[in-house]
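K.L.:
Sharing a structure below in structure tokens format, with a few things to ask.
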Amino acid sequence: MSHHLFLLSPSDTPIYSLTHYSTKLPQTTTSTLSSNLPTWSTSAFAGTLTALSGASSATQSHHVQGGGVRMGGGQDRHVIQMVANASLDVIEDVMRKESAMYLKSVDKFNEWTVSAFITPGNMKFILLHETKNDDGIRSFFHDVWELYLKTMLNPFHTAHSPIRSTVFDTRVRASAKKYL
């Protein structure tokens with residue numbers, strides 16, 4: 001199970017990104033269509049039916065550090081960035097309607113759910129995730145916001161410029177491991 005975090009400036013310029021692979025076990029849901037398909041099928045349409053049903057096939061697995069295998073539909077980094085970028089319009093529409101900072105699930109693309117957090121300075125924190133964990137995501141966003149504020153208070157850091165601090169990165173990863 002993976003999580004992808006993007007911090008965007010008010011002008012939608014990316015200033016930080018993180019990909020976190022969680023070791024927590026996801027809740028499994030079985031599609032009735034995928035459960036009726038044989039896994040050994042050599043039919044020309046077996047892959048198409050499996051993809052349409054939302055099931056993962058052996059060709060869609062990714063090897064993760066530590067020797068595990070992550071099932072995620074075969075998206076690479078560019079597709080993840082495209083999904084996050086495409087959700088910006090939806091996020092701005094929800095921002096106009098709601099005054100809350102944590103916008104919960106604002107968009108969905110295949111197995112990815114997009115959650116957002118908007119700071120008073122109009123910074124956008126976008127998280128792509130595969131499972132529902134509203135309380136953990138809210139706590140994670142609050143931790144990242146606190147770390148972001150501490151970074152902005154550094155007199156040697158320029159506002160809305162990429163964050164390259166190893167301390168910031170280490171603490172965001174620790175928070176992701178704790179809450180996600």
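Chain identifiers are assigned as A, B, and so on, following the order in which chains appear in the structure tokens; residues are numbered from 1 within each chain, and ligands are numbered from 1 in order of appearance.
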Quick one: residues within 12 Å of Leu103 (chain A), only C-alpha atoms, excluding same-chain residues fewer than 6 positions away - as a ChimeraX atom specification?
P.N.:
/A:90-97,114-119,124-127,134,137-138,141
K.L.:
Quick one: DSSP alpha helix (DSSP H) residues in region 94-142 of chain A, as a list in words?
P.N.:
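Put together, the selection reads Val94, Met95, Arg96, Lys97, Asp134, Asp135, Gly136, Ile137, Arg138, Ser139, Phe140, Phe141 and His142 of chain A.
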K.L.:
Please produce a file of those selected residues containing all heavy atoms, as a short mmCIF file (atom, residue, chain, number, x, y, z; two decimals), in the first residue's frame.
P.N.:
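The new file again21.cif reads:
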data_model
loop_
_atom_site.label_atom_id
_atom_site.label_comp_id
_atom_site.auth_asym_id
_atom_site.auth_seq_id
_atom_site.Cartn_x
_atom_site.Cartn_y
_atom_site.Cartn_z
N VAL A 94 -13.76 22.74 -4.24
CA VAL A 94 -14.15 22.41 -2.87
C VAL A 94 -13.71 23.51 -1.91
O VAL A 94 -14.43 23.84 -0.95
CB VAL A 94 -13.57 21.03 -2.45
CG1 VAL A 94 -13.82 20.73 -0.99
CG2 VAL A 94 -14.14 19.93 -3.33
N MET A 95 -12.55 24.14 -2.16
CA MET A 95 -12.06 25.24 -1.32
C MET A 95 -13.06 26.40 -1.30
O MET A 95 -13.25 27.04 -0.27
CB MET A 95 -10.72 25.76 -1.84
CG MET A 95 -9.52 24.94 -1.49
SD MET A 95 -7.99 25.49 -2.29
CE MET A 95 -8.03 27.25 -2.12
N ARG A 96 -13.66 26.68 -2.45
CA ARG A 96 -14.62 27.78 -2.53
C ARG A 96 -15.90 27.49 -1.74
O ARG A 96 -16.53 28.40 -1.23
CB ARG A 96 -14.98 28.05 -3.99
CG ARG A 96 -13.86 28.69 -4.75
CD ARG A 96 -14.31 29.08 -6.17
NE ARG A 96 -13.15 29.49 -6.93
CZ ARG A 96 -12.52 28.71 -7.81
NH1 ARG A 96 -12.96 27.49 -8.03
NH2 ARG A 96 -11.48 29.15 -8.47
N LYS A 97 -16.28 26.22 -1.66
CA LYS A 97 -17.52 25.83 -0.99
C LYS A 97 -17.34 25.63 0.51
O LYS A 97 -18.26 25.87 1.28
CB LYS A 97 -18.08 24.54 -1.61
CG LYS A 97 -18.49 24.71 -3.05
CD LYS A 97 -18.92 23.38 -3.64
CE LYS A 97 -19.18 23.52 -5.13
NZ LYS A 97 -19.42 22.23 -5.76
N ASP A 134 -9.30 8.28 7.47
CA ASP A 134 -9.51 9.72 7.66
C ASP A 134 -8.79 10.28 8.88
O ASP A 134 -8.16 11.33 8.80
CB ASP A 134 -11.00 10.04 7.75
CG ASP A 134 -11.68 9.99 6.39
OD1 ASP A 134 -10.98 10.11 5.37
OD2 ASP A 134 -12.91 9.82 6.37
N ASP A 135 -8.87 9.60 10.02
CA ASP A 135 -8.24 10.12 11.24
C ASP A 135 -6.71 10.13 11.11
O ASP A 135 -6.06 11.09 11.51
CB ASP A 135 -8.65 9.30 12.45
CG ASP A 135 -10.13 9.45 12.78
OD1 ASP A 135 -10.70 10.52 12.45
OD2 ASP A 135 -10.71 8.51 13.35
N GLY A 136 -6.15 9.07 10.55
CA GLY A 136 -4.71 9.01 10.36
C GLY A 136 -4.22 10.05 9.36
O GLY A 136 -3.19 10.69 9.57
N ILE A 137 -4.98 10.25 8.29
CA ILE A 137 -4.60 11.24 7.27
C ILE A 137 -4.68 12.65 7.85
O ILE A 137 -3.81 13.48 7.61
CB ILE A 137 -5.46 11.08 6.01
CG1 ILE A 137 -5.12 9.77 5.32
CG2 ILE A 137 -5.28 12.26 5.06
CD1 ILE A 137 -6.04 9.39 4.18
N ARG A 138 -5.73 12.92 8.62
CA ARG A 138 -5.88 14.24 9.26
C ARG A 138 -4.68 14.51 10.19
O ARG A 138 -4.08 15.59 10.15
CB ARG A 138 -7.17 14.32 10.05
CG ARG A 138 -7.36 15.65 10.78
CD ARG A 138 -8.56 15.62 11.73
NE ARG A 138 -9.78 15.33 11.04
CZ ARG A 138 -10.62 16.27 10.58
NH1 ARG A 138 -10.32 17.53 10.74
NH2 ARG A 138 -11.73 15.92 9.97
N SER A 139 -4.33 13.54 11.01
CA SER A 139 -3.19 13.69 11.92
C SER A 139 -1.89 13.86 11.15
O SER A 139 -1.03 14.67 11.52
CB SER A 139 -3.09 12.49 12.86
OG SER A 139 -4.24 12.38 13.64
N PHE A 140 -1.73 13.11 10.07
CA PHE A 140 -0.54 13.22 9.24
C PHE A 140 -0.44 14.63 8.64
O PHE A 140 0.62 15.25 8.67
CB PHE A 140 -0.57 12.16 8.12
CG PHE A 140 0.53 12.30 7.12
CD1 PHE A 140 1.85 12.05 7.48
CD2 PHE A 140 0.27 12.68 5.82
CE1 PHE A 140 2.88 12.18 6.55
CE2 PHE A 140 1.28 12.81 4.89
CZ PHE A 140 2.59 12.57 5.26
N PHE A 141 -1.55 15.15 8.10
CA PHE A 141 -1.54 16.50 7.53
C PHE A 141 -1.20 17.55 8.58
O PHE A 141 -0.45 18.49 8.31
CB PHE A 141 -2.90 16.82 6.90
CG PHE A 141 -3.06 16.35 5.48
CD1 PHE A 141 -4.29 15.87 5.04
CD2 PHE A 141 -2.02 16.38 4.57
CE1 PHE A 141 -4.46 15.44 3.74
CE2 PHE A 141 -2.18 15.95 3.26
CZ PHE A 141 -3.40 15.48 2.85
N HIS A 142 -1.72 17.39 9.81
CA HIS A 142 -1.40 18.36 10.86
C HIS A 142 0.08 18.31 11.23
O HIS A 142 0.70 19.36 11.44
CB HIS A 142 -2.28 18.12 12.09
CG HIS A 142 -3.64 18.70 11.95
ND1 HIS A 142 -3.91 20.04 12.11
CD2 HIS A 142 -4.83 18.13 11.64
CE1 HIS A 142 -5.19 20.28 11.92
NE2 HIS A 142 -5.78 19.12 11.62
#
K.L.:
Excluding same-chain residues fewer than 6 positions from region 13-20 of chain A, what lies within 7 Å of it counting only C-alpha atoms, as number ranges by chain?
P.N.:
A: 2-7, 160-163
K.L.:
Just to be explicit: take each residue in the selection above, keep N, CA, C and O atoms, and write the result as a JSON list (two decimals), in the first residue's frame.
P.N.:
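Result file follows (part-v8.json):
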[["chain", "number", "residue", "atom", "x", "y", "z"],
["A", 2, "SER", "N", 0.63, 2.16, -0.91],
["A", 2, "SER", "CA", 1.49, 3.33, -1.02],
["A", 2, "SER", "C", 0.71, 4.61, -0.83],
["A", 2, "SER", "O", -0.50, 4.66, -1.04],
["A", 3, "HIS", "N", 1.45, 5.64, -0.44],
["A", 3, "HIS", "CA", 0.91, 6.98, -0.25],
["A", 3, "HIS", "C", 1.85, 7.94, -0.95],
["A", 3, "HIS", "O", 3.07, 7.79, -0.86],
["A", 4, "HIS", "N", 1.28, 8.92, -1.62],
["A", 4, "HIS", "CA", 2.08, 9.91, -2.35],
["A", 4, "HIS", "C", 1.67, 11.29, -1.87],
["A", 4, "HIS", "O", 0.50, 11.68, -2.00],
["A", 5, "LEU", "N", 2.62, 12.03, -1.31],
["A", 5, "LEU", "CA", 2.37, 13.36, -0.76],
["A", 5, "LEU", "C", 3.01, 14.40, -1.66],
["A", 5, "LEU", "O", 4.16, 14.24, -2.09],
["A", 6, "PHE", "N", 2.27, 15.47, -1.94],
["A", 6, "PHE", "CA", 2.78, 16.59, -2.71],
["A", 6, "PHE", "C", 2.45, 17.87, -1.95],
["A", 6, "PHE", "O", 1.31, 18.07, -1.54],
["A", 7, "LEU", "N", 3.44, 18.75, -1.77],
["A", 7, "LEU", "CA", 3.23, 20.06, -1.20],
["A", 7, "LEU", "C", 3.36, 21.06, -2.34],
["A", 7, "LEU", "O", 4.38, 21.06, -3.04],
["A", 160, "HIS", "N", 8.16, 29.46, -0.46],
["A", 160, "HIS", "CA", 7.66, 28.87, -1.71],
["A", 160, "HIS", "C", 8.78, 28.35, -2.62],
["A", 160, "HIS", "O", 8.61, 28.25, -3.83],
["A", 161, "SER", "N", 9.92, 28.03, -2.04],
["A", 161, "SER", "CA", 10.99, 27.39, -2.80],
["A", 161, "SER", "C", 11.06, 25.92, -2.37],
["A", 161, "SER", "O", 10.58, 25.56, -1.29],
["A", 162, "PRO", "N", 11.63, 25.06, -3.19],
["A", 162, "PRO", "CA", 11.67, 23.62, -2.85],
["A", 162, "PRO", "C", 12.33, 23.37, -1.49],
["A", 162, "PRO", "O", 13.32, 24.02, -1.14],
["A", 163, "ILE", "N", 11.76, 22.46, -0.75],
["A", 163, "ILE", "CA", 12.27, 22.09, 0.57],
["A", 163, "ILE", "C", 13.26, 20.94, 0.38],
["A", 163, "ILE", "O", 12.88, 19.87, -0.06]]
K.L.:
Just the number, please: distance in Å from CA of Ser22 (chain A) to CA of Met1 (chain A), one decimal.
P.N.:
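Computed distance, CA of Ser22 (chain A) to CA of Met1 (chain A), equals 5.5 Å.
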K.L.:
Step one, run DSSP on the backbone; step two, keep only residues of region 85-162 of chain A assigned to strand (DSSP E); then write them as a list in words.
P.N.:
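Result set for region 85-162 of chain A (strand (DSSP E)): Tyr102, Leu103, Lys104, Ser105, Val106, Asp107, Lys108, Phe109, Trp112, Thr113, Val114, Ser115, Ala116, Phe117, Ile118, Lys124, Phe125, Ile126, Leu127, Leu128 and His129 of chain A.
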K.L.:
What gap, in Å, lies between CA of Ser11 (chain A) and CA of Ser105 (chain A)?
P.N.:
21.9 Å
K.L.:
As an MDAnalysis selection string, please: the residues near region 167-169 of chain A (cut-off 9 Å, only C-alpha atoms, same-chain neighbours under 3 positions excluded).
P.N.:
chainID A and resid 16 18 144 147:148 150:151 163:164 172:174
K.L.:
Could you write out the selected residues, including N, CA, C and O atoms, as a compact mmCIF listing (two decimals), in the first residue's frame?
P.N.:
# COMPACT_ATOMS: atom_id res chain seq x y z
N TYR A 16 7.70 20.01 -2.53
CA TYR A 16 8.15 18.79 -1.85
C TYR A 16 7.26 17.64 -2.27
O TYR A 16 6.05 17.83 -2.48
N LEU A 18 6.79 13.14 -1.61
CA LEU A 18 7.21 11.96 -0.87
C LEU A 18 6.37 10.78 -1.32
O LEU A 18 5.15 10.90 -1.49
N VAL A 144 2.54 17.37 9.18
CA VAL A 144 3.28 17.95 8.05
C VAL A 144 3.15 19.46 8.05
O VAL A 144 4.12 20.18 7.79
N LEU A 147 5.50 20.81 10.66
CA LEU A 147 6.88 20.73 10.16
C LEU A 147 7.14 21.79 9.09
O LEU A 147 8.21 22.38 9.03
N TYR A 148 6.14 22.02 8.25
CA TYR A 148 6.26 23.04 7.20
C TYR A 148 6.43 24.43 7.84
O TYR A 148 7.27 25.23 7.40
N LYS A 150 7.62 25.16 10.78
CA LYS A 150 8.95 25.24 11.38
C LYS A 150 10.01 25.50 10.31
O LYS A 150 10.97 26.24 10.55
N THR A 151 9.83 24.90 9.14
CA THR A 151 10.78 25.12 8.05
C THR A 151 10.68 26.56 7.54
O THR A 151 11.69 27.19 7.24
N ILE A 163 11.76 22.46 -0.75
CA ILE A 163 12.27 22.09 0.57
C ILE A 163 13.26 20.94 0.38
O ILE A 163 12.88 19.87 -0.06
N ARG A 164 14.50 21.20 0.73
CA ARG A 164 15.55 20.18 0.58
C ARG A 164 16.17 19.78 1.92
O ARG A 164 17.21 19.15 1.96
N VAL A 172 8.94 14.01 8.18
CA VAL A 172 7.73 13.72 7.41
C VAL A 172 7.62 12.21 7.21
O VAL A 172 6.53 11.63 7.34
N ARG A 173 8.73 11.55 6.92
CA ARG A 173 8.72 10.09 6.76
C ARG A 173 8.32 9.39 8.06
O ARG A 173 7.57 8.40 8.05
N ALA A 174 8.81 9.90 9.18
CA ALA A 174 8.46 9.31 10.48
C ALA A 174 6.97 9.49 10.76
O ALA A 174 6.31 8.58 11.26
K.L.:
Which is closer to Ala176 (chain A) than all the others in A:Thr23, A:Ala86, A:Val106, A:Pro120, using only C-alpha atoms?
P.N.:
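Counting only C-alpha atoms, the residue closest to Ala176 (chain A) is A:Thr23.
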K.L.:
Can you work out which one of A:Asp89, A:Ser175, A:Glu98, A:Ile80 has the shortest atom-to-atom distance to Thr113 (chain A), counting only C-alpha atoms?
P.N.:
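So, comparing all the options, the nearest one is A:Ile80.
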K.L.:
May I ask for the distance between CA of Met123 (chain A) and CA of Leu153 (chain A), given in Å to one decimal place?
P.N.:
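Between CA of Met123 (chain A) and CA of Leu153 (chain A) the gap is 15.2 Å.
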